[in-house]
Amino acid sequence: MKILVTGAAGFIGMHVAERLLARGTEVVGLDNLNDYYDPTLKEARLARLRGQAGFRFIRMDVADTQAVETLCRTERFQRVIHLAAQAGVRYSLENPHAYVQANLAGFANILEGCRHGGVEHLVYASSSSVYGGNTRMPFSEHDNVDHPISLYAATKKANELMAHTYSHLYRLPTTGLRFFTVYGPWGRPDMALFKFTAAMVSGQPIEIYNHGDMQRDFTYIDDIVEGIVRIADRPAAPCADFDPARPDPATSAAPYRVYNIGNNGPVKLMTFIEALEAALGREADKRFLPMQPGDVPATYADTRELAEATGFQPGTPIAEGVKRFVDWYRSYYRV
């Protein structure tokens, strides 16, 4: 088995690659190592992978059409786990073109590469952001998601639509995974847990949006990886009872599926901060701010479909996951 993992130097990508290598899978990692956040952290993640048997790294931008096409035709991957993307809701307000290049043009290249490269299953990162202005909780894959409130969310919804087109036209099995607020060791510096920890250990205040009235379905990285790998091993199949008169957004007559991966239990942001304070052994200096554009007050994943398909449901307790992150942060930054 040979699997392409795009975004291999990223937070989720590194962990997925490590898990696949541990079970003996040959992994080709692809990343452009851009400077959206500290490239040194990306290089450090990559260094963990380079020393493992069965891993090869290729520095490449998924927006490079010819390079992606050549790679897929040459390597003949059995599966592709596509995690490379321009991340971040707030940054999409500042630099929208980065999202068009990476998340739309780049995804089109991956789809074409899979189509012509004989890939058996494409698994790609979607996001809980696609639920946009929905207020019915928990978020279900069967709900309509046509009202995104950020460009980042719109690109992820577009990815799902693009994937369905290729599943329909070319019978390419595709599965989209809607991640819910992933956290853990080796995480992204632009995410709340990382920013809060960095501020607190240096004696700086933390900025808390919507005056702290937020809830998130925080999902520990090991749970995310378990879901990704299990889904990758189960290529999407057509839904036998799909009704085109009443189309279900989560399924199709084509080999296409989308799943939520979340902890199935929203946590108040202030409770999350309390867990961080306990792990660090210090109280945060809090600065309360209004809601930011493109943000939502709460997320909550219905994970029944994932459990039914894979026999797995995320469940790492917040206190445990936050402590593991803090232990890693102290070790990595020597603080």
# chains A, B, ... in the order shown; residues from 1 in each chain; ligands from 1

$ select_by_dssp --residues "region 86-249 of chain A" --states "helix (DSSP H, G or I)" --output "PyMOL selection string"
chain A and resi 91-94+96-117+128-131+151-170+192-201+209-212+221-232

$ residues_around --residues "region 315-327 of chain A" --least-positions-apart "2" --cutoff "12 Å" --atoms "only C-alpha atoms" --output "MDAnalysis selection string"
chainID A and resid 182:188 192:198 200:201 216:224 226:227 261:269 271:281 303 307 312:313 329:335

$ atom_distance --atom1 "CA of Leu71 (chain A)" --atom2 "CA of Ala17 (chain A)"
18.0 Å

$ closest_residue --among "A:Pro148, A:Gly311, A:Pro293, A:Gly212" --to "Arg234 (chain A)" --atoms "only C-alpha atoms"
A:Gly311

$ residues_around --residues "region 82-92 of chain A" --least-positions-apart "3" --cutoff "6 Å" --atoms "only C-alpha atoms" --output "PyMOL selection string"
chain A and resi 5-7+95-96+99+102-103+124-125+151-152

$ closest_residue --among "A:Ala154, A:Met214, A:His142, A:Ala237" --to "Pro249 (chain A)" --atoms "only C-alpha atoms"
A:His142

$ select_by_dssp --residues "region 79-280 of chain A" --states "strand (DSSP E)" --output "VMD selection string"
chain A and resid 79 to 82 121 to 127 174 to 179 182 to 183 206 to 208 215 to 216 219 to 220 256 to 261 267 to 268

$ closest_residue --among "A:Ile58, A:Leu4, A:Ala199, A:Ala98" --to "Gly113 (chain A)" --atoms "only C-alpha atoms"
A:Leu4

$ residues_around --residues "Thr175 (chain A)" --least-positions-apart "5" --cutoff "7 Å" --atoms "only C-alpha atoms" --output "NGL selection string"
:A and (122-124 or 236 or 256-258)

$ decode --residues "region 88-103 of chain A" --atoms "all heavy atoms" --output "mmCIF file, in the first residue's frame"
data_model
loop_
_atom_site.group_PDB
_atom_site.id
_atom_site.type_symbol
_atom_site.label_atom_id
_atom_site.label_comp_id
_atom_site.auth_asym_id
_atom_site.auth_seq_id
_atom_site.Cartn_x
_atom_site.Cartn_y
_atom_site.Cartn_z
ATOM 1 N N GLY A 88 -7.537 28.564 8.405
ATOM 2 C CA GLY A 88 -7.826 29.762 9.178
ATOM 3 C C GLY A 88 -8.996 30.569 8.657
ATOM 4 O O GLY A 88 -9.022 30.952 7.492
ATOM 5 N N VAL A 89 -9.961 30.809 9.538
ATOM 6 C CA VAL A 89 -11.131 31.611 9.167
ATOM 7 C C VAL A 89 -10.767 33.091 9.062
ATOM 8 O O VAL A 89 -11.079 33.758 8.072
ATOM 9 C CB VAL A 89 -12.269 31.417 10.188
ATOM 10 C CG1 VAL A 89 -13.379 32.446 9.973
ATOM 11 C CG2 VAL A 89 -12.842 30.005 10.087
ATOM 12 N N ARG A 90 -10.080 33.621 10.065
ATOM 13 C CA ARG A 90 -9.816 35.065 10.096
ATOM 14 C C ARG A 90 -8.865 35.501 8.993
ATOM 15 O O ARG A 90 -9.000 36.574 8.427
ATOM 16 C CB ARG A 90 -9.281 35.458 11.479
ATOM 17 C CG ARG A 90 -10.315 35.231 12.581
ATOM 18 C CD ARG A 90 -9.876 35.738 13.938
ATOM 19 N NE ARG A 90 -10.845 35.325 14.944
ATOM 20 C CZ ARG A 90 -10.652 34.355 15.824
ATOM 21 N NH1 ARG A 90 -9.504 33.718 15.850
ATOM 22 N NH2 ARG A 90 -11.593 34.030 16.681
ATOM 23 N N TYR A 91 -7.885 34.657 8.673
ATOM 24 C CA TYR A 91 -6.920 35.014 7.631
ATOM 25 C C TYR A 91 -7.589 35.101 6.260
ATOM 26 O O TYR A 91 -7.109 35.806 5.373
ATOM 27 C CB TYR A 91 -5.782 33.994 7.604
ATOM 28 C CG TYR A 91 -4.635 34.346 6.685
ATOM 29 C CD1 TYR A 91 -3.901 35.511 6.874
ATOM 30 C CD2 TYR A 91 -4.286 33.512 5.628
ATOM 31 C CE1 TYR A 91 -2.841 35.834 6.026
ATOM 32 C CE2 TYR A 91 -3.232 33.819 4.784
ATOM 33 C CZ TYR A 91 -2.520 34.981 4.989
ATOM 34 O OH TYR A 91 -1.477 35.299 4.156
ATOM 35 N N SER A 92 -8.719 34.402 6.099
ATOM 36 C CA SER A 92 -9.414 34.454 4.807
ATOM 37 C C SER A 92 -10.015 35.831 4.544
ATOM 38 O O SER A 92 -10.334 36.172 3.402
ATOM 39 C CB SER A 92 -10.507 33.379 4.728
ATOM 40 O OG SER A 92 -11.576 33.644 5.616
ATOM 41 N N LEU A 93 -10.166 36.631 5.607
ATOM 42 C CA LEU A 93 -10.634 38.006 5.429
ATOM 43 C C LEU A 93 -9.507 38.908 4.938
ATOM 44 O O LEU A 93 -9.746 39.923 4.280
ATOM 45 C CB LEU A 93 -11.179 38.551 6.755
ATOM 46 C CG LEU A 93 -12.294 37.743 7.427
ATOM 47 C CD1 LEU A 93 -12.661 38.367 8.771
ATOM 48 C CD2 LEU A 93 -13.514 37.662 6.532
ATOM 49 N N GLU A 94 -8.273 38.532 5.263
ATOM 50 C CA GLU A 94 -7.113 39.344 4.898
ATOM 51 C C GLU A 94 -6.533 38.963 3.541
ATOM 52 O O GLU A 94 -6.064 39.831 2.803
ATOM 53 C CB GLU A 94 -6.005 39.187 5.958
ATOM 54 C CG GLU A 94 -6.423 39.539 7.376
ATOM 55 C CD GLU A 94 -5.365 39.121 8.374
ATOM 56 O OE1 GLU A 94 -4.186 38.990 7.986
ATOM 57 O OE2 GLU A 94 -5.720 38.913 9.553
ATOM 58 N N ASN A 95 -6.527 37.687 3.234
ATOM 59 C CA ASN A 95 -5.857 37.220 2.019
ATOM 60 C C ASN A 95 -6.715 36.184 1.292
ATOM 61 O O ASN A 95 -6.380 34.998 1.244
ATOM 62 C CB ASN A 95 -4.493 36.626 2.385
ATOM 63 C CG ASN A 95 -3.627 36.351 1.176
ATOM 64 O OD1 ASN A 95 -4.043 36.564 0.028
ATOM 65 N ND2 ASN A 95 -2.430 35.854 1.403
ATOM 66 N N PRO A 96 -7.830 36.606 0.722
ATOM 67 C CA PRO A 96 -8.751 35.640 0.102
ATOM 68 C C PRO A 96 -8.140 34.867 -1.058
ATOM 69 O O PRO A 96 -8.483 33.701 -1.283
ATOM 70 C CB PRO A 96 -9.926 36.512 -0.359
ATOM 71 C CG PRO A 96 -9.367 37.896 -0.453
ATOM 72 C CD PRO A 96 -8.339 37.990 0.616
ATOM 73 N N HIS A 97 -7.219 35.495 -1.786
ATOM 74 C CA HIS A 97 -6.663 34.828 -2.965
ATOM 75 C C HIS A 97 -5.846 33.590 -2.590
ATOM 76 O O HIS A 97 -5.749 32.643 -3.383
ATOM 77 C CB HIS A 97 -5.819 35.808 -3.775
ATOM 78 C CG HIS A 97 -6.619 36.924 -4.371
ATOM 79 N ND1 HIS A 97 -7.510 36.724 -5.407
ATOM 80 C CD2 HIS A 97 -6.694 38.235 -4.057
ATOM 81 C CE1 HIS A 97 -8.095 37.878 -5.727
ATOM 82 N NE2 HIS A 97 -7.613 38.802 -4.911
ATOM 83 N N ALA A 98 -5.273 33.584 -1.393
ATOM 84 C CA ALA A 98 -4.528 32.408 -0.949
ATOM 85 C C ALA A 98 -5.443 31.202 -0.852
ATOM 86 O O ALA A 98 -5.034 30.065 -1.118
ATOM 87 C CB ALA A 98 -3.867 32.687 0.403
ATOM 88 N N TYR A 99 -6.699 31.420 -0.493
ATOM 89 C CA TYR A 99 -7.666 30.335 -0.336
ATOM 90 C C TYR A 99 -8.137 29.829 -1.696
ATOM 91 O O TYR A 99 -8.378 28.638 -1.873
ATOM 92 C CB TYR A 99 -8.844 30.805 0.520
ATOM 93 C CG TYR A 99 -8.432 31.045 1.951
ATOM 94 C CD1 TYR A 99 -7.729 32.191 2.322
ATOM 95 C CD2 TYR A 99 -8.704 30.107 2.940
ATOM 96 C CE1 TYR A 99 -7.317 32.400 3.621
ATOM 97 C CE2 TYR A 99 -8.301 30.306 4.249
ATOM 98 C CZ TYR A 99 -7.605 31.451 4.590
ATOM 99 O OH TYR A 99 -7.185 31.644 5.874
ATOM 100 N N VAL A 100 -8.275 30.746 -2.632
ATOM 101 C CA VAL A 100 -8.668 30.348 -3.989
ATOM 102 C C VAL A 100 -7.581 29.475 -4.607
ATOM 103 O O VAL A 100 -7.862 28.426 -5.206
ATOM 104 C CB VAL A 100 -8.948 31.588 -4.857
ATOM 105 C CG1 VAL A 100 -9.185 31.187 -6.297
ATOM 106 C CG2 VAL A 100 -10.149 32.359 -4.311
ATOM 107 N N GLN A 101 -6.313 29.881 -4.438
ATOM 108 C CA GLN A 101 -5.204 29.121 -5.009
ATOM 109 C C GLN A 101 -5.074 27.743 -4.379
ATOM 110 O O GLN A 101 -5.047 26.727 -5.068
ATOM 111 C CB GLN A 101 -3.886 29.883 -4.808
ATOM 112 C CG GLN A 101 -3.451 30.784 -5.934
ATOM 113 C CD GLN A 101 -3.405 30.101 -7.275
ATOM 114 O OE1 GLN A 101 -4.322 30.245 -8.073
ATOM 115 N NE2 GLN A 101 -2.360 29.356 -7.572
ATOM 116 N N ALA A 102 -4.956 27.714 -3.061
ATOM 117 C CA ALA A 102 -4.668 26.452 -2.376
ATOM 118 C C ALA A 102 -5.884 25.539 -2.289
ATOM 119 O O ALA A 102 -5.789 24.341 -2.569
ATOM 120 C CB ALA A 102 -4.131 26.734 -0.968
ATOM 121 N N ASN A 103 -7.032 26.104 -1.912
ATOM 122 C CA ASN A 103 -8.183 25.266 -1.587
ATOM 123 C C ASN A 103 -9.070 24.939 -2.782
ATOM 124 O O ASN A 103 -9.788 23.941 -2.756
ATOM 125 C CB ASN A 103 -9.028 25.932 -0.502
ATOM 126 C CG ASN A 103 -8.259 26.140 0.790
ATOM 127 O OD1 ASN A 103 -7.064 25.867 0.869
ATOM 128 N ND2 ASN A 103 -8.931 26.642 1.812
#
